[in-house]
file upload-v8.pdb (PDB, C-alpha atoms and all ligand atoms)
ATOM      1  CA  MET A1264       0.000   0.000   0.000  1.00  0.00           C
ATOM      2  CA  LYS A1265       1.233   3.482  -0.895  1.00  0.00           C
ATOM      3  CA  ILE A1266       0.395   5.847   1.945  1.00  0.00           C
ATOM      4  CA  MET A1267       0.974   9.566   2.430  1.00  0.00           C
ATOM      5  CA  MET A1268       1.030  11.463   5.730  1.00  0.00           C
ATOM      6  CA  LEU A1269      -0.265  15.010   5.417  1.00  0.00           C
ATOM      7  CA  GLY A1270      -0.510  17.669   8.125  1.00  0.00           C
ATOM      8  CA  ALA A1271       1.229  20.636   9.739  1.00  0.00           C
ATOM      9  CA  PRO A1272       4.771  20.378  11.119  1.00  0.00           C
ATOM     10  CA  GLY A1273       4.606  18.902  14.618  1.00  0.00           C
ATOM     11  CA  VAL A1274       1.237  17.242  14.092  1.00  0.00           C
ATOM     12  CA  GLY A1275       2.858  13.800  14.475  1.00  0.00           C
ATOM     13  CA  LYS A1276       3.420  12.600  10.891  1.00  0.00           C
ATOM     14  CA  GLY A1277       6.836  11.100  11.633  1.00  0.00           C
ATOM     15  CA  THR A1278       5.809   9.551  14.956  1.00  0.00           C
ATOM     16  CA  ILE A1279       2.694   7.905  13.530  1.00  0.00           C
ATOM     17  CA  ALA A1280       4.490   6.799  10.345  1.00  0.00           C
ATOM     18  CA  LYS A1281       7.126   5.067  12.522  1.00  0.00           C
ATOM     19  CA  GLU A1282       4.383   3.119  14.321  1.00  0.00           C
ATOM     20  CA  LEU A1283       2.638   2.169  11.078  1.00  0.00           C
ATOM     21  CA  ILE A1284       5.775   0.904   9.291  1.00  0.00           C
ATOM     22  CA  LYS A1285       6.376  -1.558  12.159  1.00  0.00           C
ATOM     23  CA  LYS A1286       2.954  -3.070  11.529  1.00  0.00           C
ATOM     24  CA  LEU A1287       2.913  -2.851   7.735  1.00  0.00           C
ATOM     25  CA  ASP A1288       6.554  -3.743   7.064  1.00  0.00           C
ATOM     26  CA  ILE A1289       7.055  -1.058   4.433  1.00  0.00           C
ATOM     27  CA  PRO A1290       9.628   1.785   4.497  1.00  0.00           C
ATOM     28  CA  GLN A1291       9.037   5.336   5.698  1.00  0.00           C
ATOM     29  CA  LEU A1292      10.243   7.873   3.155  1.00  0.00           C
ATOM     30  CA  SER A1293      10.904  11.139   4.973  1.00  0.00           C
ATOM     31  CA  THR A1294      12.302  13.965   2.845  1.00  0.00           C
ATOM     32  CA  GLY A1295      13.143  15.803   6.095  1.00  0.00           C
ATOM     33  CA  ASP A1296      15.330  12.866   7.246  1.00  0.00           C
ATOM     34  CA  MET A1297      16.926  12.566   3.780  1.00  0.00           C
ATOM     35  CA  LEU A1298      17.745  16.280   3.758  1.00  0.00           C
ATOM     36  CA  ARG A1299      19.122  16.207   7.338  1.00  0.00           C
ATOM     37  CA  ALA A1300      21.355  13.264   6.335  1.00  0.00           C
ATOM     38  CA  ALA A1301      22.630  15.329   3.372  1.00  0.00           C
ATOM     39  CA  VAL A1302      23.283  18.282   5.717  1.00  0.00           C
ATOM     40  CA  ASP A1303      25.260  16.015   8.091  1.00  0.00           C
ATOM     41  CA  GLU A1304      27.301  14.630   5.201  1.00  0.00           C
ATOM     42  CA  GLN A1305      27.931  18.214   4.049  1.00  0.00           C
ATOM     43  CA  SER A1306      27.194  17.160   0.499  1.00  0.00           C
ATOM     44  CA  GLU A1307      26.571  19.854  -2.106  1.00  0.00           C
ATOM     45  CA  LEU A1308      22.830  19.213  -1.817  1.00  0.00           C
ATOM     46  CA  GLY A1309      23.024  19.381   1.996  1.00  0.00           C
ATOM     47  CA  ILE A1310      24.897  22.676   2.001  1.00  0.00           C
ATOM     48  CA  LYS A1311      22.286  24.142  -0.385  1.00  0.00           C
ATOM     49  CA  ALA A1312      19.351  22.792   1.668  1.00  0.00           C
ATOM     50  CA  LYS A1313      20.602  23.886   5.112  1.00  0.00           C
ATOM     51  CA  THR A1314      19.858  27.615   4.770  1.00  0.00           C
ATOM     52  CA  PHE A1315      16.269  26.926   3.688  1.00  0.00           C
ATOM     53  CA  MET A1316      15.744  24.384   6.461  1.00  0.00           C
ATOM     54  CA  ASP A1317      17.215  26.432   9.317  1.00  0.00           C
ATOM     55  CA  ALA A1318      14.906  29.336   8.448  1.00  0.00           C
ATOM     56  CA  GLY A1319      11.903  27.012   8.289  1.00  0.00           C
ATOM     57  CA  ASN A1320      11.448  27.537   4.543  1.00  0.00           C
ATOM     58  CA  LEU A1321      10.885  24.835   1.950  1.00  0.00           C
ATOM     59  CA  VAL A1322      13.799  23.457  -0.035  1.00  0.00           C
ATOM     60  CA  PRO A1323      13.247  24.003  -3.814  1.00  0.00           C
ATOM     61  CA  ASP A1324      10.801  21.564  -5.425  1.00  0.00           C
ATOM     62  CA  ASP A1325      13.274  20.106  -7.940  1.00  0.00           C
ATOM     63  CA  VAL A1326      15.639  19.036  -5.131  1.00  0.00           C
ATOM     64  CA  VAL A1327      13.041  17.069  -3.131  1.00  0.00           C
ATOM     65  CA  ILE A1328      11.304  15.662  -6.216  1.00  0.00           C
ATOM     66  CA  GLY A1329      14.693  14.275  -7.340  1.00  0.00           C
ATOM     67  CA  LEU A1330      15.297  12.698  -3.910  1.00  0.00           C
ATOM     68  CA  ILE A1331      11.906  10.967  -3.837  1.00  0.00           C
ATOM     69  CA  GLU A1332      12.104   9.840  -7.458  1.00  0.00           C
ATOM     70  CA  GLU A1333      15.402   8.056  -6.751  1.00  0.00           C
ATOM     71  CA  ARG A1334      14.204   6.594  -3.421  1.00  0.00           C
ATOM     72  CA  ILE A1335      10.943   5.146  -4.783  1.00  0.00           C
ATOM     73  CA  LYS A1336      12.887   3.214  -7.453  1.00  0.00           C
ATOM     74  CA  LYS A1337      14.652   1.156  -4.743  1.00  0.00           C
ATOM     75  CA  ASP A1338      13.701  -2.455  -4.227  1.00  0.00           C
ATOM     76  CA  ASP A1339      12.309  -2.070  -0.698  1.00  0.00           C
ATOM     77  CA  CYS A1340       9.530   0.191  -2.038  1.00  0.00           C
ATOM     78  CA  LYS A1341       8.037  -2.431  -4.338  1.00  0.00           C
ATOM     79  CA  ASP A1342       5.318  -3.479  -1.820  1.00  0.00           C
ATOM     80  CA  GLY A1343       4.536   0.085  -0.808  1.00  0.00           C
ATOM     81  CA  PHE A1344       5.823   2.881   1.428  1.00  0.00           C
ATOM     82  CA  ILE A1345       4.738   5.726   3.673  1.00  0.00           C
ATOM     83  CA  LEU A1346       5.566   9.218   2.436  1.00  0.00           C
ATOM     84  CA  ASP A1347       6.296  11.503   5.383  1.00  0.00           C
ATOM     85  CA  GLY A1348       6.768  15.191   4.601  1.00  0.00           C
ATOM     86  CA  PHE A1349       6.420  14.872   0.829  1.00  0.00           C
ATOM     87  CA  PRO A1350       4.708  16.374  -1.128  1.00  0.00           C
ATOM     88  CA  ARG A1351       4.548  19.804   0.465  1.00  0.00           C
ATOM     89  CA  THR A1352       3.533  21.920  -2.557  1.00  0.00           C
ATOM     90  CA  ILE A1353       1.144  21.516  -5.489  1.00  0.00           C
ATOM     91  CA  PRO A1354       4.039  21.205  -8.025  1.00  0.00           C
ATOM     92  CA  GLN A1355       5.499  18.375  -5.856  1.00  0.00           C
ATOM     93  CA  ALA A1356       2.099  16.618  -5.787  1.00  0.00           C
ATOM     94  CA  GLU A1357       1.803  16.953  -9.565  1.00  0.00           C
ATOM     95  CA  ALA A1358       5.299  15.544 -10.006  1.00  0.00           C
ATOM     96  CA  LEU A1359       4.441  12.639  -7.689  1.00  0.00           C
ATOM     97  CA  ASP A1360       1.356  11.867  -9.808  1.00  0.00           C
ATOM     98  CA  LYS A1361       3.714  11.261 -12.720  1.00  0.00           C
ATOM     99  CA  ILE A1362       5.988   8.980 -10.661  1.00  0.00           C
ATOM    100  CA  THR A1363       3.402   6.766  -8.901  1.00  0.00           C
ATOM    101  CA  GLU A1364      -0.187   6.477  -7.685  1.00  0.00           C
ATOM    102  CA  ILE A1365      -0.951   6.922  -3.956  1.00  0.00           C
ATOM    103  CA  ASP A1366      -3.669   4.746  -2.348  1.00  0.00           C
ATOM    104  CA  LYS A1367      -4.445   6.628   0.872  1.00  0.00           C
ATOM    105  CA  VAL A1368      -3.683  10.035   2.331  1.00  0.00           C
ATOM    106  CA  LEU A1369      -3.881  10.366   6.130  1.00  0.00           C
ATOM    107  CA  ASN A1370      -4.536  14.013   6.990  1.00  0.00           C
ATOM    108  CA  LEU A1371      -3.463  14.487  10.620  1.00  0.00           C
ATOM    109  CA  ILE A1372      -5.256  17.301  12.402  1.00  0.00           C
ATOM    110  CA  ALA A1373      -4.529  18.972  15.763  1.00  0.00           C
ATOM    111  CA  PRO A1374      -5.134  22.482  17.169  1.00  0.00           C
ATOM    112  CA  ASP A1375      -2.365  25.072  16.598  1.00  0.00           C
ATOM    113  CA  ASP A1376      -1.599  25.532  20.320  1.00  0.00           C
ATOM    114  CA  LEU A1377      -0.958  21.789  20.743  1.00  0.00           C
ATOM    115  CA  ILE A1378       1.232  21.729  17.626  1.00  0.00           C
ATOM    116  CA  ILE A1379       3.379  24.606  18.933  1.00  0.00           C
ATOM    117  CA  LYS A1380       3.668  22.908  22.344  1.00  0.00           C
ATOM    118  CA  ARG A1381       4.714  19.617  20.713  1.00  0.00           C
ATOM    119  CA  LEU A1382       7.300  21.242  18.430  1.00  0.00           C
ATOM    120  CA  SER A1383       8.972  23.286  21.130  1.00  0.00           C
ATOM    121  CA  ALA A1384       9.219  20.190  23.380  1.00  0.00           C
ATOM    122  CA  ARG A1385      10.496  17.904  20.593  1.00  0.00           C
ATOM    123  CA  ARG A1386      14.000  16.448  20.879  1.00  0.00           C
ATOM    124  CA  THR A1387      15.708  14.387  18.194  1.00  0.00           C
ATOM    125  CA  CYS A1388      18.497  11.841  18.611  1.00  0.00           C
ATOM    126  CA  GLU A1389      21.736  13.030  17.028  1.00  0.00           C
ATOM    127  CA  GLY A1390      22.637   9.413  16.300  1.00  0.00           C
ATOM    128  CA  CYS A1391      19.541   7.595  14.996  1.00  0.00           C
ATOM    129  CA  SER A1392      16.961  10.412  14.453  1.00  0.00           C
ATOM    130  CA  GLU A1393      14.487   8.861  16.928  1.00  0.00           C
ATOM    131  CA  ILE A1394      11.988  11.481  18.059  1.00  0.00           C
ATOM    132  CA  PHE A1395      11.198  12.235  21.724  1.00  0.00           C
ATOM    133  CA  ASN A1396       9.186  14.916  23.434  1.00  0.00           C
ATOM    134  CA  VAL A1397      10.060  16.232  26.876  1.00  0.00           C
ATOM    135  CA  ILE A1398       6.320  16.540  27.687  1.00  0.00           C
ATOM    136  CA  PHE A1399       4.592  13.757  25.755  1.00  0.00           C
ATOM    137  CA  ILE A1400       7.233  11.070  24.977  1.00  0.00           C
ATOM    138  CA  PRO A1401      10.067  11.644  27.486  1.00  0.00           C
ATOM    139  CA  PRO A1402      13.219   9.508  27.182  1.00  0.00           C
ATOM    140  CA  LYS A1403      13.967   7.085  30.052  1.00  0.00           C
ATOM    141  CA  VAL A1404      17.174   9.005  30.847  1.00  0.00           C
ATOM    142  CA  GLU A1405      17.048  12.773  30.362  1.00  0.00           C
ATOM    143  CA  GLY A1406      18.913  13.922  27.259  1.00  0.00           C
ATOM    144  CA  LYS A1407      19.693  10.375  26.063  1.00  0.00           C
ATOM    145  CA  CYS A1408      18.111   8.282  23.302  1.00  0.00           C
ATOM    146  CA  ASP A1409      16.340   5.110  24.575  1.00  0.00           C
ATOM    147  CA  LYS A1410      17.278   3.279  21.376  1.00  0.00           C
ATOM    148  CA  CYS A1411      20.966   4.034  20.793  1.00  0.00           C
ATOM    149  CA  GLY A1412      22.073   6.115  23.794  1.00  0.00           C
ATOM    150  CA  GLY A1413      22.796   9.083  21.470  1.00  0.00           C
ATOM    151  CA  LYS A1414      22.521  12.704  22.579  1.00  0.00           C
ATOM    152  CA  LEU A1415      19.073  14.295  22.261  1.00  0.00           C
ATOM    153  CA  ILE A1416      19.138  17.738  20.668  1.00  0.00           C
ATOM    154  CA  GLN A1417      16.627  20.378  19.656  1.00  0.00           C
ATOM    155  CA  ARG A1418      16.598  20.790  15.864  1.00  0.00           C
ATOM    156  CA  ASP A1419      17.472  24.345  14.789  1.00  0.00           C
ATOM    157  CA  ASP A1420      14.138  24.526  12.994  1.00  0.00           C
ATOM    158  CA  ASP A1421      12.235  23.511  16.153  1.00  0.00           C
ATOM    159  CA  LYS A1422      13.307  26.802  17.767  1.00  0.00           C
ATOM    160  CA  GLU A1423      10.618  29.448  18.197  1.00  0.00           C
ATOM    161  CA  ASP A1424      11.218  31.797  15.209  1.00  0.00           C
ATOM    162  CA  SER A1425      11.592  28.966  12.776  1.00  0.00           C
ATOM    163  CA  VAL A1426       8.486  27.166  14.113  1.00  0.00           C
ATOM    164  CA  LYS A1427       6.311  30.255  13.464  1.00  0.00           C
ATOM    165  CA  ASN A1428       7.604  30.474   9.903  1.00  0.00           C
ATOM    166  CA  ARG A1429       7.124  26.727   9.282  1.00  0.00           C
ATOM    167  CA  LEU A1430       3.480  26.987  10.326  1.00  0.00           C
ATOM    168  CA  GLU A1431       2.962  29.971   7.974  1.00  0.00           C
ATOM    169  CA  VAL A1432       4.695  28.106   5.156  1.00  0.00           C
ATOM    170  CA  TYR A1433       2.429  25.110   5.830  1.00  0.00           C
ATOM    171  CA  THR A1434      -0.742  27.239   5.587  1.00  0.00           C
ATOM    172  CA  LYS A1435       0.354  28.963   2.369  1.00  0.00           C
ATOM    173  CA  GLN A1436       2.097  26.180   0.471  1.00  0.00           C
ATOM    174  CA  THR A1437       1.064  22.790   1.865  1.00  0.00           C
ATOM    175  CA  GLU A1438      -2.532  23.145   3.067  1.00  0.00           C
ATOM    176  CA  PRO A1439      -3.865  23.437  -0.528  1.00  0.00           C
ATOM    177  CA  LEU A1440      -2.892  19.749  -0.866  1.00  0.00           C
ATOM    178  CA  VAL A1441      -5.827  18.827   1.397  1.00  0.00           C
ATOM    179  CA  GLU A1442      -8.267  19.913  -1.364  1.00  0.00           C
ATOM    180  CA  PHE A1443      -6.033  18.363  -4.055  1.00  0.00           C
ATOM    181  CA  TYR A1444      -6.291  14.892  -2.460  1.00  0.00           C
ATOM    182  CA  LYS A1445      -9.900  15.338  -1.276  1.00  0.00           C
ATOM    183  CA  GLU A1446     -10.878  15.804  -4.913  1.00  0.00           C
ATOM    184  CA  LYS A1447      -9.140  12.550  -5.758  1.00  0.00           C
ATOM    185  CA  GLY A1448     -11.287  10.836  -3.068  1.00  0.00           C
ATOM    186  CA  ILE A1449      -8.308   9.283  -1.226  1.00  0.00           C
ATOM    187  CA  LEU A1450      -7.966  11.635   1.780  1.00  0.00           C
ATOM    188  CA  SER A1451      -9.161  10.810   5.317  1.00  0.00           C
ATOM    189  CA  ASP A1452      -8.857  13.052   8.373  1.00  0.00           C
ATOM    190  CA  VAL A1453      -7.308  11.570  11.528  1.00  0.00           C
ATOM    191  CA  ASP A1454      -7.607  13.335  14.912  1.00  0.00           C
ATOM    192  CA  SER A1455      -3.983  13.748  15.988  1.00  0.00           C
ATOM    193  CA  SER A1456      -4.722  15.456  19.310  1.00  0.00           C
ATOM    194  CA  GLN A1457      -5.360  12.046  20.918  1.00  0.00           C
ATOM    195  CA  PRO A1458      -2.823   9.777  22.684  1.00  0.00           C
ATOM    196  CA  ILE A1459      -0.450   8.074  20.197  1.00  0.00           C
ATOM    197  CA  PRO A1460      -1.948   4.520  20.452  1.00  0.00           C
ATOM    198  CA  LYS A1461      -5.418   5.929  19.656  1.00  0.00           C
ATOM    199  CA  ILE A1462      -4.107   7.925  16.657  1.00  0.00           C
ATOM    200  CA  VAL A1463      -2.432   4.760  15.341  1.00  0.00           C
ATOM    201  CA  GLU A1464      -5.647   2.781  15.873  1.00  0.00           C
ATOM    202  CA  ASP A1465      -7.696   5.366  13.954  1.00  0.00           C
ATOM    203  CA  ALA A1466      -5.102   5.474  11.164  1.00  0.00           C
ATOM    204  CA  GLU A1467      -5.203   1.683  10.851  1.00  0.00           C
ATOM    205  CA  LYS A1468      -9.009   1.750  10.627  1.00  0.00           C
ATOM    206  CA  VAL A1469      -8.799   4.241   7.756  1.00  0.00           C
ATOM    207  CA  LEU A1470      -6.193   2.114   5.976  1.00  0.00           C
ATOM    208  CA  ALA A1471      -8.362  -1.002   6.333  1.00  0.00           C
ATOM    209  CA  GLU A1472     -11.408   0.692   4.730  1.00  0.00           C
TER
HETATM  210  P1  LIG B1501      10.432  17.791   8.321  1.00  0.00           P
HETATM  211  O1  LIG B1501      11.390  16.941   9.064  1.00  0.00           O
HETATM  212  O2  LIG B1501       9.515  17.004   7.427  1.00  0.00           O
HETATM  213  O3  LIG B1501       9.679  18.754   9.204  1.00  0.00           O
HETATM  214  O4  LIG B1501      11.305  18.694   7.324  1.00  0.00           O
HETATM  215  C1  LIG B1501      12.291  19.600   7.812  1.00  0.00           C
HETATM  216  C2  LIG B1501      12.610  20.637   6.756  1.00  0.00           C
HETATM  217  O5  LIG B1501      13.123  19.992   5.583  1.00  0.00           O
HETATM  218  C3  LIG B1501      11.417  21.462   6.267  1.00  0.00           C
HETATM  219  O6  LIG B1501      11.114  22.557   7.110  1.00  0.00           O
HETATM  220  C4  LIG B1501      11.936  21.909   4.896  1.00  0.00           C
HETATM  221  O7  LIG B1501      12.887  22.927   5.020  1.00  0.00           O
HETATM  222  C5  LIG B1501      12.658  20.657   4.410  1.00  0.00           C
HETATM  223  N1  LIG B1501      11.746  19.752   3.684  1.00  0.00           N
HETATM  224  C6  LIG B1501      11.354  18.492   4.048  1.00  0.00           C
HETATM  225  N2  LIG B1501      10.514  17.964   3.155  1.00  0.00           N
HETATM  226  C7  LIG B1501      10.350  18.905   2.180  1.00  0.00           C
HETATM  227  C8  LIG B1501       9.575  18.979   0.998  1.00  0.00           C
HETATM  228  N3  LIG B1501       8.783  17.967   0.609  1.00  0.00           N
HETATM  229  N4  LIG B1501       9.661  20.113   0.253  1.00  0.00           N
HETATM  230  C9  LIG B1501      10.457  21.129   0.612  1.00  0.00           C
HETATM  231  N5  LIG B1501      11.192  21.154   1.733  1.00  0.00           N
HETATM  232  C10 LIG B1501      11.151  20.044   2.526  1.00  0.00           C
END
call {"tool": "encode", "arguments": {"input": "upload-v8.pdb", "output": "structure tokens"}}
result
Amino acid sequence: MKIMMLGAPGVGKGTIAKELIKKLDIPQLSTGDMLRAAVDEQSELGIKAKTFMDAGNLVPDDVVIGLIEERIKKDDCKDGFILDGFPRTIPQAEALDKITEIDKVLNLIAPDDLIIKRLSARRTCEGCSEIFNVIFIPPKVEGKCDKCGGKLIQRDDDKEDSVKNRLEVYTKQTEPLVEFYKEKGILSDVDSSQPIPKIVEDAEKVLAE
């Protein structure tokens, strides 16, 4: 099954996708993770992407479309995948239409104040990219990843100024995708203000329909 997670930054796309891939045994394709890996490697692409990302702006369409196009061709995607953070603009969605056909879009919804609270409390493992939240998903040992023992850091773009801009960018550039996929008849809303196990349960119900 080819699944797409849609929703504002901080709404829980990555967290819920990680739970779903365990059950469905398909890969999670996160353009954010791919771009952060490129930044860490200091590749040409990473150096170009970093300034956009730190400010909370979108990386140019052609860059992310190229990344996804290459990733989807890989063998582990043949039984399906979960797109997390792609597409984020109408041109990206149109490009995706030409690459493959998506079966279901999960549109995660939560109130703005909860989203801001989640983002500012989010911590990411420097080593394995596991996501924690000092309020909602605290690590067993403060500042340390439960999975690999790596250091938990706050992403530059989870800091206050960048968060505000990311939410504005979402409203202007990404929210129009809700109508785009509604018109295709493949979009379902999922209430993401609930506890994680309940969100996962609701998402699974939608996928089973
Ligand atoms: P994320 O981890 O999905 O929140 O992505 C972090 C940052 O990576 C975003 O704020 C953008 O700067 C960039 N990014 C990730 N996915 C995309 C995309 N599909 N289009 C443009 N920029 C992206």
call {"tool": "residues_near_ligand", "arguments": {"input": "upload-v8.pdb", "ligand": "ligand LIG 1501 (chain B)", "cutoff": "9 Å", "atoms": "all atoms listed in the file", "output": "number ranges by chain"}}
result
A: 1271-1273, 1276-1277, 1293-1299, 1312-1328, 1331, 1347-1352, 1355, 1420-1421, 1425-1426, 1429, 1432
call {"tool": "closest_residue", "arguments": {"input": "upload-v8.pdb", "among": "A:Ser1383, A:Ile1353, A:Leu1415, A:Lys1461", "to": "A:Pro1402", "atoms": "all atoms listed in the file"}}
result
A:Leu1415
call {"tool": "closest_residue", "arguments": {"input": "upload-v8.pdb", "among": "A:Lys1435, A:Lys1281, A:Lys1468, A:Arg1385", "to": "A:Arg1418", "atoms": "only C-alpha atoms"}}
result
A:Arg1385
call {"tool": "closest_residue", "arguments": {"input": "upload-v8.pdb", "among": "A:Val1404, A:Ile1279, A:Leu1346, A:Leu1292", "to": "A:Lys1367", "atoms": "all atoms listed in the file"}}
result
A:Leu1346
call {"tool": "closest_residue", "arguments": {"input": "upload-v8.pdb", "among": "A:Ile1335, A:Cys1388, A:Ile1345, A:Ile1400", "to": "A:Asp1366", "atoms": "all atoms listed in the file"}}
result
A:Ile1345
call {"tool": "closest_atom_pairs", "arguments": {"input": "upload-v8.pdb", "of": "stretch 1371-1416 of chain A", "to": "stretch 1265-1270 of chain A", "cutoff": "12 Å", "atoms": "all atoms listed in the file", "output": "JSON lines"}}
result
{"residue": "A:Leu1371", "atom": "CA", "partner": "A:Gly1270", "partner_atom": "CA", "distance": 5.0}
{"residue": "A:Ile1372", "atom": "CA", "partner": "A:Gly1270", "partner_atom": "CA", "distance": 6.4}
{"residue": "A:Ala1373", "atom": "CA", "partner": "A:Gly1270", "partner_atom": "CA", "distance": 8.7}
{"residue": "A:Pro1374", "atom": "CA", "partner": "A:Gly1270", "partner_atom": "CA", "distance": 11.2}
{"residue": "A:Asp1375", "atom": "CA", "partner": "A:Gly1270", "partner_atom": "CA", "distance": 11.4}
{"residue": "A:Ile1378", "atom": "CA", "partner": "A:Gly1270", "partner_atom": "CA", "distance": 10.5}
call {"tool": "atom_distance", "arguments": {"input": "upload-v8.pdb", "atom1": "atom CA of A:Phe1344", "atom2": "atom CA of A:Ile1289"}}
result
5.1 Å
call {"tool": "resolve_selection", "arguments": {"input": "upload-v8.pdb", "expression": "the PyMOL selection byres (((chain A and resi 1392) around 10) and not hetatm)", "output": "PDB file with C-alpha atoms, in the coordinates of the input"}}
result
ATOM      1  CA  ASP A1296      15.330  12.866   7.246  1.00  0.00           C
ATOM      2  CA  ARG A1299      19.122  16.207   7.338  1.00  0.00           C
ATOM      3  CA  ALA A1300      21.355  13.264   6.335  1.00  0.00           C
ATOM      4  CA  ARG A1386      14.000  16.448  20.879  1.00  0.00           C
ATOM      5  CA  THR A1387      15.708  14.387  18.194  1.00  0.00           C
ATOM      6  CA  CYS A1388      18.497  11.841  18.611  1.00  0.00           C
ATOM      7  CA  GLU A1389      21.736  13.030  17.028  1.00  0.00           C
ATOM      8  CA  GLY A1390      22.637   9.413  16.300  1.00  0.00           C
ATOM      9  CA  CYS A1391      19.541   7.595  14.996  1.00  0.00           C
ATOM     10  CA  GLU A1393      14.487   8.861  16.928  1.00  0.00           C
ATOM     11  CA  ILE A1394      11.988  11.481  18.059  1.00  0.00           C
ATOM     12  CA  PHE A1395      11.198  12.235  21.724  1.00  0.00           C
ATOM     13  CA  CYS A1408      18.111   8.282  23.302  1.00  0.00           C
ATOM     14  CA  LYS A1410      17.278   3.279  21.376  1.00  0.00           C
ATOM     15  CA  CYS A1411      20.966   4.034  20.793  1.00  0.00           C
ATOM     16  CA  GLY A1413      22.796   9.083  21.470  1.00  0.00           C
ATOM     17  CA  LEU A1415      19.073  14.295  22.261  1.00  0.00           C
ATOM     18  CA  ILE A1416      19.138  17.738  20.668  1.00  0.00           C
TER      19      ILE A1416
END
call {"tool": "atom_distance", "arguments": {"input": "upload-v8.pdb", "atom1": "atom CA of A:Ile1398", "atom2": "atom CA of A:Asp1454"}}
result
19.2 Å
call {"tool": "atom_distance", "arguments": {"input": "upload-v8.pdb", "atom1": "atom CA of A:Asp1409", "atom2": "atom CA of A:Ala1301"}}
result
24.4 Å
call {"tool": "closest_residue", "arguments": {"input": "upload-v8.pdb", "among": "A:Gly1343, A:Gly1275, A:Pro1354, A:Pro1439", "to": "A:Ala1466", "atoms": "all atoms listed in the file"}}
result
A:Gly1275
call {"tool": "resolve_selection", "arguments": {"input": "upload-v8.pdb", "expression": "the PyMOL selection byres (((chain A and resi 1287) around 10) and not hetatm)", "output": "ChimeraX atom specification"}}
result
/A:1264,1282-1286,1288-1290,1342-1345,1467
call {"tool": "closest_residue", "arguments": {"input": "upload-v8.pdb", "among": "A:Leu1450, A:Gln1417, A:Phe1399, A:Val1274", "to": "A:Ile1379", "atoms": "all atoms listed in the file"}}
result
A:Val1274
call {"tool": "axis_aligned_box", "arguments": {"input": "upload-v8.pdb", "around": "stretch 1305-1318 of chain A", "padding_each_side": "6 Å", "output": "AutoDock Vina command-line options"}}
result
--center_x 21.4 --center_y 23.2 --center_z 3.6 --size_x 25.0 --size_y 24.2 --size_z 23.4
call {"tool": "resolve_selection", "arguments": {"input": "upload-v8.pdb", "expression": "the PyMOL selection byres (((chain A and resi 1449) around 12) and not hetatm)", "output": "list in words"}}
result
Lys1265, Ile1266, Met1267, Met1268, Leu1269, Glu1364, Ile1365, Asp1366, Lys1367, Val1368, Leu1369, Asn1370, Leu1440, Val1441, Glu1442, Phe1443, Tyr1444, Lys1445, Glu1446, Lys1447, Gly1448, Leu1450, Ser1451, Asp1452, Val1469, Leu1470 and Glu1472 of chain A
